[in-house]
file query_34.pdb (PDB, C-alpha atoms, pLDDT in the B column)
ATOM      1  CA  GLU A 297     -74.171  -9.241 -89.140  1.00 80.00           C
ATOM      2  CA  ALA A 298     -70.481  -9.060 -88.234  1.00 80.00           C
ATOM      3  CA  GLN A 299     -69.818 -11.453 -85.405  1.00 93.00           C
ATOM      4  CA  VAL A 300     -67.681 -14.020 -83.678  1.00 97.00           C
ATOM      5  CA  THR A 301     -69.499 -17.240 -82.871  1.00 97.00           C
ATOM      6  CA  GLN A 302     -68.549 -20.014 -80.489  1.00 97.00           C
ATOM      7  CA  ASN A 303     -69.975 -23.455 -79.909  1.00 97.00           C
ATOM      8  CA  PRO A 304     -70.986 -24.939 -77.625  1.00 97.00           C
ATOM      9  CA  ARG A 305     -71.987 -22.170 -75.243  1.00 97.00           C
ATOM     10  CA  TYR A 306     -72.098 -24.524 -72.275  1.00 97.00           C
ATOM     11  CA  LEU A 307     -70.352 -27.846 -71.820  1.00 96.00           C
ATOM     12  CA  ILE A 308     -70.032 -30.243 -68.926  1.00 97.00           C
ATOM     13  CA  THR A 309     -67.595 -33.080 -69.464  1.00 96.00           C
ATOM     14  CA  VAL A 310     -65.428 -35.530 -67.559  1.00 96.00           C
ATOM     15  CA  THR A 311     -61.695 -35.682 -67.051  1.00 96.00           C
ATOM     16  CA  GLY A 312     -59.814 -37.036 -70.035  1.00 96.00           C
ATOM     17  CA  LYS A 313     -62.566 -36.862 -72.631  1.00 96.00           C
ATOM     18  CA  LYS A 314     -61.290 -34.929 -75.622  1.00 97.00           C
ATOM     19  CA  LEU A 315     -63.328 -31.920 -76.660  1.00 97.00           C
ATOM     20  CA  THR A 316     -63.277 -29.138 -79.222  1.00 97.00           C
ATOM     21  CA  VAL A 317     -64.727 -25.652 -78.895  1.00 98.00           C
ATOM     22  CA  THR A 318     -65.313 -24.069 -82.259  1.00 98.00           C
ATOM     23  CA  CYS A 319     -64.833 -20.401 -83.110  1.00 98.00           C
ATOM     24  CA  SER A 320     -65.760 -18.672 -86.333  1.00 97.00           C
ATOM     25  CA  GLN A 321     -65.708 -15.067 -87.514  1.00 97.00           C
ATOM     26  CA  ASN A 322     -67.283 -13.547 -90.607  1.00 95.00           C
ATOM     27  CA  MET A 323     -65.272 -10.312 -90.720  1.00 94.00           C
ATOM     28  CA  ASN A 324     -62.279 -11.575 -92.713  1.00 94.00           C
ATOM     29  CA  HIS A 325     -60.061 -10.870 -89.717  1.00 94.00           C
ATOM     30  CA  GLU A 326     -56.429 -11.948 -89.793  1.00 92.00           C
ATOM     31  CA  TYR A 327     -55.927 -12.196 -86.041  1.00 93.00           C
ATOM     32  CA  MET A 328     -57.776 -14.622 -83.790  1.00 95.00           C
ATOM     33  CA  SER A 329     -57.205 -15.487 -80.176  1.00 95.00           C
ATOM     34  CA  TRP A 330     -58.446 -17.632 -77.324  1.00 97.00           C
ATOM     35  CA  TYR A 331     -58.739 -16.440 -73.709  1.00 97.00           C
ATOM     36  CA  ARG A 332     -59.837 -18.010 -70.515  1.00 97.00           C
ATOM     37  CA  GLN A 333     -61.407 -16.004 -67.720  1.00 95.00           C
ATOM     38  CA  ASP A 334     -61.305 -17.079 -64.101  1.00 94.00           C
ATOM     39  CA  PRO A 335     -62.505 -15.207 -60.997  1.00 88.00           C
ATOM     40  CA  GLY A 336     -59.785 -12.976 -59.627  1.00 83.00           C
ATOM     41  CA  LEU A 337     -57.434 -13.715 -62.519  1.00 86.00           C
ATOM     42  CA  GLY A 338     -58.990 -11.778 -65.340  1.00 86.00           C
ATOM     43  CA  LEU A 339     -58.622 -12.618 -69.008  1.00 92.00           C
ATOM     44  CA  ARG A 340     -55.560 -14.663 -69.915  1.00 93.00           C
ATOM     45  CA  GLN A 341     -54.539 -15.468 -73.441  1.00 93.00           C
ATOM     46  CA  ILE A 342     -54.173 -19.140 -74.350  1.00 96.00           C
ATOM     47  CA  TYR A 343     -53.170 -19.085 -78.032  1.00 94.00           C
ATOM     48  CA  TYR A 344     -53.366 -16.679 -80.904  1.00 92.00           C
ATOM     49  CA  SER A 345     -53.109 -16.846 -84.661  1.00 92.00           C
ATOM     50  CA  MET A 346     -51.978 -14.239 -87.137  1.00 87.00           C
ATOM     51  CA  ASN A 347     -53.230 -16.047 -90.216  1.00 87.00           C
ATOM     52  CA  VAL A 348     -53.817 -19.465 -91.696  1.00 87.00           C
ATOM     53  CA  GLU A 349     -51.305 -22.007 -90.370  1.00 80.00           C
ATOM     54  CA  VAL A 350     -49.649 -19.375 -88.120  1.00 83.00           C
ATOM     55  CA  THR A 351     -50.279 -19.865 -84.424  1.00 89.00           C
ATOM     56  CA  ASP A 352     -48.365 -19.078 -81.250  1.00 88.00           C
ATOM     57  CA  LYS A 353     -48.635 -19.533 -77.515  1.00 90.00           C
ATOM     58  CA  GLY A 354     -50.116 -16.991 -75.190  1.00 89.00           C
ATOM     59  CA  ASP A 355     -49.670 -16.894 -71.435  1.00 89.00           C
ATOM     60  CA  VAL A 356     -51.417 -20.147 -70.467  1.00 94.00           C
ATOM     61  CA  PRO A 357     -51.110 -22.648 -73.363  1.00 96.00           C
ATOM     62  CA  GLU A 358     -50.548 -25.831 -71.351  1.00 96.00           C
ATOM     63  CA  GLY A 359     -53.223 -28.451 -71.970  1.00 97.00           C
ATOM     64  CA  TYR A 360     -54.602 -26.756 -75.090  1.00 98.00           C
ATOM     65  CA  LYS A 361     -54.137 -27.080 -78.821  1.00 97.00           C
ATOM     66  CA  VAL A 362     -55.320 -24.915 -81.679  1.00 96.00           C
ATOM     67  CA  SER A 363     -55.328 -25.002 -85.442  1.00 93.00           C
ATOM     68  CA  ARG A 364     -55.990 -22.430 -88.150  1.00 94.00           C
ATOM     69  CA  LYS A 365     -56.686 -24.296 -91.350  1.00 94.00           C
ATOM     70  CA  GLU A 366     -59.122 -21.690 -92.612  1.00 94.00           C
ATOM     71  CA  LYS A 367     -59.047 -17.963 -92.044  1.00 94.00           C
ATOM     72  CA  ARG A 368     -62.494 -17.816 -90.483  1.00 96.00           C
ATOM     73  CA  ASN A 369     -62.146 -20.723 -88.033  1.00 97.00           C
ATOM     74  CA  PHE A 370     -59.962 -21.146 -84.972  1.00 97.00           C
ATOM     75  CA  PRO A 371     -60.973 -24.179 -82.896  1.00 97.00           C
ATOM     76  CA  LEU A 372     -59.669 -24.790 -79.373  1.00 98.00           C
ATOM     77  CA  ILE A 373     -58.885 -28.416 -78.567  1.00 98.00           C
ATOM     78  CA  LEU A 374     -58.553 -29.967 -75.131  1.00 97.00           C
ATOM     79  CA  GLU A 375     -56.994 -33.387 -75.701  1.00 95.00           C
ATOM     80  CA  SER A 376     -57.353 -34.546 -72.103  1.00 96.00           C
ATOM     81  CA  PRO A 377     -59.349 -32.041 -70.073  1.00 97.00           C
ATOM     82  CA  SER A 378     -58.730 -31.716 -66.359  1.00 97.00           C
ATOM     83  CA  PRO A 379     -60.762 -29.974 -63.632  1.00 97.00           C
ATOM     84  CA  ASN A 380     -58.351 -27.013 -63.567  1.00 96.00           C
ATOM     85  CA  GLN A 381     -59.508 -26.210 -67.097  1.00 97.00           C
ATOM     86  CA  THR A 382     -62.969 -25.432 -65.813  1.00 97.00           C
ATOM     87  CA  SER A 383     -63.383 -21.847 -66.919  1.00 97.00           C
ATOM     88  CA  LEU A 384     -65.156 -19.343 -69.144  1.00 97.00           C
ATOM     89  CA  TYR A 385     -63.552 -19.286 -72.587  1.00 98.00           C
ATOM     90  CA  PHE A 386     -63.681 -16.471 -75.109  1.00 98.00           C
ATOM     91  CA  CYS A 387     -62.640 -16.407 -78.710  1.00 97.00           C
ATOM     92  CA  ALA A 388     -61.748 -13.022 -80.162  1.00 96.00           C
ATOM     93  CA  SER A 389     -60.704 -11.582 -83.488  1.00 95.00           C
ATOM     94  CA  SER A 390     -59.341  -8.376 -84.945  1.00 92.00           C
ATOM     95  CA  LEU A 391     -58.519  -7.167 -88.426  1.00 91.00           C
ATOM     96  CA  SER A 392     -54.766  -7.374 -87.852  1.00 84.00           C
ATOM     97  CA  GLY A 393     -52.546  -8.235 -84.945  1.00 79.00           C
ATOM     98  CA  LEU A 394     -50.027  -5.498 -85.605  1.00 79.00           C
ATOM     99  CA  ALA A 395     -48.728  -3.588 -82.606  1.00 75.00           C
ATOM    100  CA  ASP A 396     -49.307  -0.178 -84.139  1.00 75.00           C
ATOM    101  CA  SER A 397     -52.704  -0.938 -85.567  1.00 77.00           C
ATOM    102  CA  THR A 398     -55.827   0.878 -84.514  1.00 74.00           C
ATOM    103  CA  ASP A 399     -57.847  -2.321 -84.647  1.00 82.00           C
ATOM    104  CA  THR A 400     -60.199  -3.341 -81.900  1.00 84.00           C
ATOM    105  CA  GLN A 401     -60.734  -6.859 -80.754  1.00 89.00           C
ATOM    106  CA  TYR A 402     -64.190  -8.384 -80.920  1.00 93.00           C
ATOM    107  CA  PHE A 403     -65.215 -11.164 -78.606  1.00 96.00           C
ATOM    108  CA  GLY A 404     -67.440 -14.165 -79.074  1.00 97.00           C
ATOM    109  CA  PRO A 405     -70.256 -14.895 -76.594  1.00 96.00           C
ATOM    110  CA  GLY A 406     -68.165 -17.268 -74.477  1.00 97.00           C
ATOM    111  CA  THR A 407     -68.175 -20.977 -73.659  1.00 97.00           C
ATOM    112  CA  ARG A 408     -68.623 -22.038 -70.081  1.00 97.00           C
ATOM    113  CA  LEU A 409     -66.775 -25.313 -69.595  1.00 97.00           C
ATOM    114  CA  THR A 410     -67.001 -27.551 -66.549  1.00 97.00           C
ATOM    115  CA  VAL A 411     -64.678 -30.534 -66.249  1.00 97.00           C
ATOM    116  CA  LEU A 412     -65.694 -33.041 -63.580  1.00 96.00           C
TER     117      LEU A 412
ATOM    118  CA  GLN B 253     -43.619  -8.994 -67.428  1.00 55.00           C
ATOM    119  CA  LYS B 254     -46.218  -6.727 -68.912  1.00 64.00           C
ATOM    120  CA  GLU B 255     -48.695  -5.885 -66.198  1.00 85.00           C
ATOM    121  CA  VAL B 256     -51.928  -3.996 -66.224  1.00 92.00           C
ATOM    122  CA  GLU B 257     -53.250  -3.049 -62.807  1.00 93.00           C
ATOM    123  CA  GLN B 258     -56.727  -1.949 -61.878  1.00 93.00           C
ATOM    124  CA  ASN B 259     -58.442  -1.350 -58.569  1.00 83.00           C
ATOM    125  CA  SER B 260     -60.644  -4.401 -58.196  1.00 75.00           C
ATOM    126  CA  GLY B 261     -63.318  -2.424 -56.392  1.00 79.00           C
ATOM    127  CA  PRO B 262     -66.126  -2.777 -55.982  1.00 91.00           C
ATOM    128  CA  LEU B 263     -66.797   0.837 -56.805  1.00 95.00           C
ATOM    129  CA  SER B 264     -70.233   2.031 -55.824  1.00 96.00           C
ATOM    130  CA  VAL B 265     -71.688   5.378 -56.920  1.00 96.00           C
ATOM    131  CA  PRO B 266     -75.199   6.867 -56.872  1.00 97.00           C
ATOM    132  CA  GLU B 267     -77.142   7.422 -60.045  1.00 97.00           C
ATOM    133  CA  GLY B 268     -76.134  10.670 -61.735  1.00 97.00           C
ATOM    134  CA  ALA B 269     -72.667  10.766 -60.201  1.00 97.00           C
ATOM    135  CA  ILE B 270     -69.308  10.522 -61.971  1.00 97.00           C
ATOM    136  CA  ALA B 271     -67.618   7.143 -61.803  1.00 96.00           C
ATOM    137  CA  SER B 272     -63.834   7.159 -62.115  1.00 96.00           C
ATOM    138  CA  LEU B 273     -61.984   4.002 -63.104  1.00 97.00           C
ATOM    139  CA  ASN B 274     -58.218   3.819 -63.080  1.00 96.00           C
ATOM    140  CA  CYS B 275     -55.570   1.662 -64.702  1.00 96.00           C
ATOM    141  CA  THR B 276     -51.781   1.613 -64.656  1.00 96.00           C
ATOM    142  CA  TYR B 277     -49.465  -0.325 -66.928  1.00 95.00           C
ATOM    143  CA  SER B 278     -45.859  -1.371 -66.673  1.00 92.00           C
ATOM    144  CA  ASP B 279     -44.595  -1.368 -70.281  1.00 87.00           C
ATOM    145  CA  ARG B 280     -43.498   2.073 -71.464  1.00 86.00           C
ATOM    146  CA  GLY B 281     -43.664   0.814 -75.039  1.00 82.00           C
ATOM    147  CA  SER B 282     -47.402   0.269 -74.869  1.00 85.00           C
ATOM    148  CA  GLN B 283     -49.049   1.420 -78.059  1.00 81.00           C
ATOM    149  CA  SER B 284     -52.761   1.660 -77.451  1.00 89.00           C
ATOM    150  CA  PHE B 285     -55.286   1.409 -74.685  1.00 93.00           C
ATOM    151  CA  PHE B 286     -58.803   0.080 -74.495  1.00 94.00           C
ATOM    152  CA  TRP B 287     -61.702   0.033 -72.088  1.00 96.00           C
ATOM    153  CA  TYR B 288     -64.135  -2.863 -72.233  1.00 96.00           C
ATOM    154  CA  ARG B 289     -67.365  -3.318 -70.332  1.00 97.00           C
ATOM    155  CA  GLN B 290     -68.428  -6.785 -69.271  1.00 96.00           C
ATOM    156  CA  TYR B 291     -71.776  -7.682 -67.808  1.00 95.00           C
ATOM    157  CA  SER B 292     -71.876 -10.760 -65.617  1.00 91.00           C
ATOM    158  CA  GLY B 293     -71.645 -13.925 -67.707  1.00 88.00           C
ATOM    159  CA  LYS B 294     -71.354 -11.975 -70.955  1.00 93.00           C
ATOM    160  CA  SER B 295     -68.476 -11.212 -73.284  1.00 95.00           C
ATOM    161  CA  PRO B 296     -66.432  -8.011 -73.081  1.00 95.00           C
ATOM    162  CA  GLU B 297     -67.621  -5.207 -75.324  1.00 94.00           C
ATOM    163  CA  LEU B 298     -65.487  -2.278 -76.367  1.00 93.00           C
ATOM    164  CA  ILE B 299     -66.404   1.105 -74.916  1.00 94.00           C
ATOM    165  CA  MET B 300     -63.485   3.274 -75.924  1.00 93.00           C
ATOM    166  CA  PHE B 301     -59.931   3.241 -77.164  1.00 92.00           C
ATOM    167  CA  ILE B 302     -57.252   5.898 -76.889  1.00 93.00           C
ATOM    168  CA  TYR B 303     -53.803   6.196 -78.444  1.00 90.00           C
ATOM    169  CA  SER B 304     -52.621   9.709 -77.705  1.00 91.00           C
ATOM    170  CA  ASN B 305     -51.973  11.570 -74.488  1.00 93.00           C
ATOM    171  CA  GLY B 306     -54.883  13.612 -73.253  1.00 94.00           C
ATOM    172  CA  ASP B 307     -58.619  13.167 -73.152  1.00 95.00           C
ATOM    173  CA  LYS B 308     -61.002  11.496 -75.541  1.00 95.00           C
ATOM    174  CA  GLU B 309     -64.723  11.948 -75.101  1.00 96.00           C
ATOM    175  CA  ASP B 310     -67.568   9.829 -76.422  1.00 95.00           C
ATOM    176  CA  GLY B 311     -70.976  10.674 -75.034  1.00 96.00           C
ATOM    177  CA  ARG B 312     -70.952  10.113 -71.277  1.00 97.00           C
ATOM    178  CA  PHE B 313     -67.549   8.430 -71.403  1.00 97.00           C
ATOM    179  CA  THR B 314     -64.145  10.121 -71.269  1.00 97.00           C
ATOM    180  CA  ALA B 315     -60.867   8.249 -71.515  1.00 97.00           C
ATOM    181  CA  GLN B 316     -57.734   9.923 -70.241  1.00 97.00           C
ATOM    182  CA  LEU B 317     -54.195   8.851 -71.066  1.00 96.00           C
ATOM    183  CA  ASN B 318     -50.953   9.966 -69.486  1.00 95.00           C
ATOM    184  CA  LYS B 319     -48.070   8.004 -70.989  1.00 93.00           C
ATOM    185  CA  ALA B 320     -45.456   9.685 -68.808  1.00 93.00           C
ATOM    186  CA  SER B 321     -47.224   8.415 -65.696  1.00 94.00           C
ATOM    187  CA  GLN B 322     -48.278   5.160 -67.429  1.00 94.00           C
ATOM    188  CA  TYR B 323     -51.826   5.799 -66.415  1.00 94.00           C
ATOM    189  CA  VAL B 324     -55.139   5.532 -68.202  1.00 96.00           C
ATOM    190  CA  SER B 325     -58.553   6.246 -66.773  1.00 96.00           C
ATOM    191  CA  LEU B 326     -62.212   6.117 -67.713  1.00 97.00           C
ATOM    192  CA  LEU B 327     -64.755   8.625 -66.460  1.00 97.00           C
ATOM    193  CA  ILE B 328     -68.452   7.884 -66.711  1.00 97.00           C
ATOM    194  CA  ARG B 329     -70.595  10.979 -66.292  1.00 97.00           C
ATOM    195  CA  ASP B 330     -74.250  10.865 -65.239  1.00 97.00           C
ATOM    196  CA  SER B 331     -73.853   7.226 -64.191  1.00 97.00           C
ATOM    197  CA  GLN B 332     -76.887   5.009 -64.724  1.00 97.00           C
ATOM    198  CA  PRO B 333     -77.833   1.699 -63.091  1.00 96.00           C
ATOM    199  CA  SER B 334     -77.337   0.123 -66.528  1.00 96.00           C
ATOM    200  CA  ASP B 335     -73.643   1.057 -66.265  1.00 97.00           C
ATOM    201  CA  SER B 336     -73.277  -1.478 -63.464  1.00 97.00           C
ATOM    202  CA  ALA B 337     -70.743  -3.960 -64.818  1.00 96.00           C
ATOM    203  CA  THR B 338     -67.083  -4.908 -64.665  1.00 95.00           C
ATOM    204  CA  TYR B 339     -64.785  -2.587 -66.587  1.00 97.00           C
ATOM    205  CA  LEU B 340     -61.661  -4.061 -68.113  1.00 96.00           C
ATOM    206  CA  CYS B 341     -58.606  -2.046 -69.017  1.00 95.00           C
ATOM    207  CA  ALA B 342     -56.545  -3.504 -71.866  1.00 93.00           C
ATOM    208  CA  VAL B 343     -53.175  -2.444 -73.199  1.00 92.00           C
ATOM    209  CA  ARG B 344     -51.699  -3.417 -76.547  1.00 88.00           C
ATOM    210  CA  ASN B 345     -47.971  -4.058 -76.394  1.00 82.00           C
ATOM    211  CA  ARG B 346     -45.512  -4.934 -79.102  1.00 77.00           C
ATOM    212  CA  ASP B 347     -44.060  -8.418 -78.848  1.00 71.00           C
ATOM    213  CA  ARG B 348     -40.272  -8.209 -78.592  1.00 67.00           C
ATOM    214  CA  GLY B 349     -38.610  -8.479 -82.002  1.00 68.00           C
ATOM    215  CA  SER B 350     -41.940  -8.588 -83.755  1.00 68.00           C
ATOM    216  CA  THR B 351     -44.394  -6.345 -85.490  1.00 71.00           C
ATOM    217  CA  LEU B 352     -47.186  -8.069 -83.647  1.00 74.00           C
ATOM    218  CA  GLY B 353     -49.003  -6.703 -80.655  1.00 77.00           C
ATOM    219  CA  ARG B 354     -50.911  -8.447 -77.935  1.00 83.00           C
ATOM    220  CA  LEU B 355     -53.653  -7.249 -75.645  1.00 86.00           C
ATOM    221  CA  TYR B 356     -52.978  -7.524 -71.938  1.00 90.00           C
ATOM    222  CA  PHE B 357     -55.961  -7.169 -69.643  1.00 92.00           C
ATOM    223  CA  GLY B 358     -56.319  -5.921 -66.115  1.00 93.00           C
ATOM    224  CA  ARG B 359     -58.427  -7.948 -63.721  1.00 92.00           C
ATOM    225  CA  GLY B 360     -61.279  -5.486 -63.960  1.00 94.00           C
ATOM    226  CA  THR B 361     -63.080  -3.062 -61.680  1.00 95.00           C
ATOM    227  CA  GLN B 362     -66.608  -3.896 -60.639  1.00 94.00           C
ATOM    228  CA  LEU B 363     -68.888  -0.857 -60.757  1.00 96.00           C
ATOM    229  CA  THR B 364     -72.294  -0.635 -59.122  1.00 96.00           C
ATOM    230  CA  VAL B 365     -74.551   2.360 -59.762  1.00 97.00           C
ATOM    231  CA  TRP B 366     -77.383   2.492 -57.274  1.00 95.00           C
ATOM    232  CA  PRO B 367     -80.641   4.335 -57.950  1.00 93.00           C
TER     233      PRO B 367
END
call {"tool": "encode", "arguments": {"input": "query_34.pdb", "output": "structure tokens"}}
result
Amino acid sequence: EAQVTQNPRYLITVTGKKLTVTCSQNMNHEYMSWYRQDPGLGLRQIYYSMNVEVTDKGDVPEGYKVSRKEKRNFPLILESPSPNQTSLYFCASSLSGLADSTDTQYFGPGTRLTVL
Amino acid sequence: QKEVEQNSGPLSVPEGAIASLNCTYSDRGSQSFFWYRQYSGKSPELIMFIYSNGDKEDGRFTAQLNKASQYVSLLIRDSQPSDSATYLCAVRNRDRGSTLGRLYFGRGTQLTVWP
């Protein structure tokens, strides 16, 4: 089954304790992206990646890191989480990230993170 | 700044009625347009996409695009209680000086269909 998976689905942690949220897709997609979703603010892009070793900042990258060592995986790293990073996080992927493509973006199930 | 605006709602319609969801966007260079449905606590799922001016129909859903007015809408005919969700409008724009595009999302319109 074609899908985007994320782990963990729920996480409660404390300020400053490094964490990683994993994301994996089995569709051989080039483009992967991380979003956070907060009430009243909608979906905001954190980072995206066009291919292995190619990543770039989205609209709200501060406090986050990413890596793309393999095509299928795109982990999101919070080196020193803070309470303002409490949010619902979605990983997404699409076949290409080209502007004139007809590709659709598929979302993972989400990770609800609480930072105390 | 590339903005996508939606009426936040909530929009409430009776079962069987037509629900009309609207979206405007600021970037005239926008390439393609998407409607996602998101149930509470779940991930967005694609309902429809549209690239050309005019209407596109898929079952009970019709997307309408007017690039001159920078306006895209979603009509849901014969609304059902199961259509109750938040509907997200997304616009793909070309990054300046790049071949890449990014999706920009509106904040969503909450729809309630009551029996």
call {"tool": "closest_residue", "arguments": {"input": "query_34.pdb", "among": "B:Asn345, B:Thr361, B:Asn259, B:Ser334", "to": "chain A", "atoms": "all atoms listed in the file"}}
result
B:Asn345
call {"tool": "closest_residue", "arguments": {"input": "query_34.pdb", "among": "B:Pro333, B:Gly268, B:Gly306, B:Gly261", "to": "chain A", "atoms": "only C-alpha atoms"}}
result
B:Gly261
call {"tool": "atom_distance", "arguments": {"input": "query_34.pdb", "atom1": "CA of Ser392 in chain A", "atom2": "CA of Glu309 in chain B"}}
result
25.2 Å
call {"tool": "interface_residues", "arguments": {"input": "query_34.pdb", "of": "chain A", "to": "chain B", "cutoff": "7 Å", "atoms": "all atoms listed in the file", "output": "list of chain:residue names"}}
result
A:Gly336, A:Leu337, A:Gly338, A:Leu339, A:Gly393, A:Leu394, A:Ala395, A:Asp396, A:Phe403, A:Gly404, A:Pro405, A:Gly406
call {"tool": "closest_residue", "arguments": {"input": "query_34.pdb", "among": "A:Ser389, A:Phe370, A:Ile308, A:Pro357", "to": "Glu326 in chain A", "atoms": "only C-alpha atoms"}}
result
A:Ser389
call {"tool": "resolve_selection", "arguments": {"input": "query_34.pdb", "expression": "the PyMOL selection byres ((chain A and resi 373-381) around 7)", "output": "PyMOL selection string"}}
result
chain A and resi 311-317+359-362+371-372+382-383+411-412
call {"tool": "resolve_selection", "arguments": {"input": "query_34.pdb", "expression": "the PyMOL selection byres ((chain A and resi 388) around 8)", "output": "list of chain:residue names"}}
result
A:Val300, A:Met328, A:Ser329, A:Trp330, A:Tyr331, A:Phe386, A:Cys387, A:Ser389, A:Ser390, A:Gln401, A:Tyr402, A:Phe403, A:Gly404
call {"tool": "axis_aligned_box", "arguments": {"input": "query_34.pdb", "around": "range 256-263 of chain B", "padding_each_side": "8 Å", "output": "AutoDock Vina command-line options"}}
result
--center_x -59.4 --center_y -1.8 --center_z -61.1 --size_x 30.9 --size_y 21.2 --size_z 26.2
call {"tool": "resolve_selection", "arguments": {"input": "query_34.pdb", "expression": "the PyMOL selection byres ((chain B and resi 337) around 9)", "output": "list of chain:residue names"}}
result
B:Arg289, B:Gln290, B:Tyr291, B:Ser292, B:Ser334, B:Asp335, B:Ser336, B:Thr338, B:Tyr339, B:Thr361, B:Gln362, B:Leu363, B:Thr364, B:Val365
call {"tool": "atom_distance", "arguments": {"input": "query_34.pdb", "atom1": "CA of Gly311 in chain B", "atom2": "CA of Ser331 in chain B"}}
result
11.7 Å
call {"tool": "atom_distance", "arguments": {"input": "query_34.pdb", "atom1": "CA of Asp355 in chain A", "atom2": "CA of Arg408 in chain A"}}
result
19.7 Å
call {"tool": "residues_near_point", "arguments": {"input": "query_34.pdb", "point": "(-52.0, -18.1, -76.3)", "cutoff": "6 Å", "atoms": "all atoms listed in the file", "output": "PyMOL selection string"}}
result
chain A and resi 341-344+353-355+357
call {"tool": "residues_around", "arguments": {"input": "query_34.pdb", "residues": "Asp310 in chain B", "least_positions_apart": "4", "cutoff": "10 Å", "atoms": "only C-alpha atoms", "output": "PyMOL selection string"}}
result
chain B and resi 299-300+314-315+328
call {"tool": "residues_near_point", "arguments": {"input": "query_34.pdb", "point": "(-69.9, 11.8, -57.0)", "cutoff": "12 Å", "atoms": "all atoms listed in the file", "output": "list in words"}}
result
Leu263, Ser264, Val265, Pro266, Glu267, Gly268, Ala269, Ile270, Ala271, Ser272, Leu327, Ile328, Arg329, Asp330, Ser331, Val365 and Trp366 of chain B
call {"tool": "build_atoms", "arguments": {"input": "query_34.pdb", "residues": "range 376-390 of chain A", "atoms": "N, CA and C atoms", "output": "CSV table (one decimal), in the frame of the given file"}}
result
chain,number,residue,atom,x,y,z
A,376,SER,N,-57.1,-33.8,-73.3
A,376,SER,CA,-57.4,-34.5,-72.1
A,376,SER,C,-57.7,-33.6,-71.0
A,377,PRO,N,-59.0,-33.1,-71.0
A,377,PRO,CA,-59.3,-32.0,-70.1
A,377,PRO,C,-59.2,-32.5,-68.6
A,378,SER,N,-58.9,-31.5,-67.8
A,378,SER,CA,-58.7,-31.7,-66.4
A,378,SER,C,-59.6,-30.7,-65.6
A,379,PRO,N,-59.9,-30.9,-64.4
A,379,PRO,CA,-60.8,-30.0,-63.6
A,379,PRO,C,-60.2,-28.6,-63.6
A,380,ASN,N,-58.9,-28.4,-63.6
A,380,ASN,CA,-58.4,-27.0,-63.6
A,380,ASN,C,-58.5,-26.2,-64.9
A,381,GLN,N,-59.1,-26.9,-65.9
A,381,GLN,CA,-59.5,-26.2,-67.1
A,381,GLN,C,-61.0,-25.8,-67.1
A,382,THR,N,-61.6,-26.0,-66.0
A,382,THR,CA,-63.0,-25.4,-65.8
A,382,THR,C,-62.9,-23.9,-65.8
A,383,SER,N,-63.6,-23.3,-66.8
A,383,SER,CA,-63.4,-21.8,-66.9
A,383,SER,C,-64.4,-21.3,-67.9
A,384,LEU,N,-64.4,-20.0,-68.1
A,384,LEU,CA,-65.2,-19.3,-69.1
A,384,LEU,C,-64.2,-19.0,-70.3
A,385,TYR,N,-64.5,-19.5,-71.5
A,385,TYR,CA,-63.6,-19.3,-72.6
A,385,TYR,C,-64.1,-18.3,-73.6
A,386,PHE,N,-63.3,-17.4,-74.1
A,386,PHE,CA,-63.7,-16.5,-75.1
A,386,PHE,C,-62.8,-16.6,-76.3
A,387,CYS,N,-63.4,-16.6,-77.5
A,387,CYS,CA,-62.6,-16.4,-78.7
A,387,CYS,C,-62.8,-14.9,-79.1
A,388,ALA,N,-61.7,-14.4,-79.7
A,388,ALA,CA,-61.7,-13.0,-80.2
A,388,ALA,C,-61.0,-12.9,-81.5
A,389,SER,N,-61.4,-11.8,-82.2
A,389,SER,CA,-60.7,-11.6,-83.5
A,389,SER,C,-60.5,-10.1,-83.7
A,390,SER,N,-59.5,-9.8,-84.5
A,390,SER,CA,-59.3,-8.4,-84.9
A,390,SER,C,-58.8,-8.4,-86.4
